[in-house]
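S.K.: Submitted below is the structure of interest, expressed as structure tokens.
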Amino acid sequence: NDKFAKLLMDCLSDKVYSVREIGVGCVKDLIEALGSQWAERQLLPKLLLIQGNSNYLYRMTIIFIIQVKLFEENNFTKFFLKASGINFDT
């Protein structure tokens with residue numbers, strides 16, 4: 001499972017936008033296959049590192065992931081936003 005996270009992070013931090021875009025789509029598929037608990041343990045800490053990147057294009061990738069996952073019924077997006085320091089009430 002850690003190999004999936006590393007491969008995914010390589011895609012999400014690629015210099016080419018279309019590769020990052022494919023990686024965003026893979027996030028959804030991997031979370032569906034491996035579960036939100038896997039995502040919280042393996043993926044979330046790595047995504048938080050991208051959030052701190054000085055290049056806004058990489059930070060935008062995180063926003064795209066949130067958009068993809070926002071309307072689904074799991075806690076990954078809420079957990080990610082909370083870990084990022086964004087609090088909201090539902």
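Each chain in the structure tokens gets a letter, A, B, ..., in the order shown, and its residues are numbered from 1; ligands are numbered from 1 in order too.
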Just want the 12 Å neighbourhood of stretch 5-11 of chain A, counted on only C-alpha atoms, with same-chain residues fewer than 5 positions away dropped. Output as a PyMOL selection string.

M.R.: chain A and resi 16-31+34+38-50+58+61-62

S.K.: Between atom CA of A:Ile63 and atom CA of A:Asp14, what is the spacing in Å?

M.R.: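 Between these atoms lies a distance of 15.8 Å.
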
S.K.: Quote the spacing between atom CA of A:Lys15 and atom CA of A:Ala33 in Å to one decimal place.

M.R.: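 Calculated distance between atom CA of A:Lys15 and atom CA of A:Ala33 is 26.6 Å.
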
S.K.: DSSP on the backbone, helix (DSSP H, G or I) only: what residues of stretch 1-56 of chain A does that give? Format it as an MDAnalysis selection string.

M.R.: chainID A and resid 2:12 17:34 36:51 56
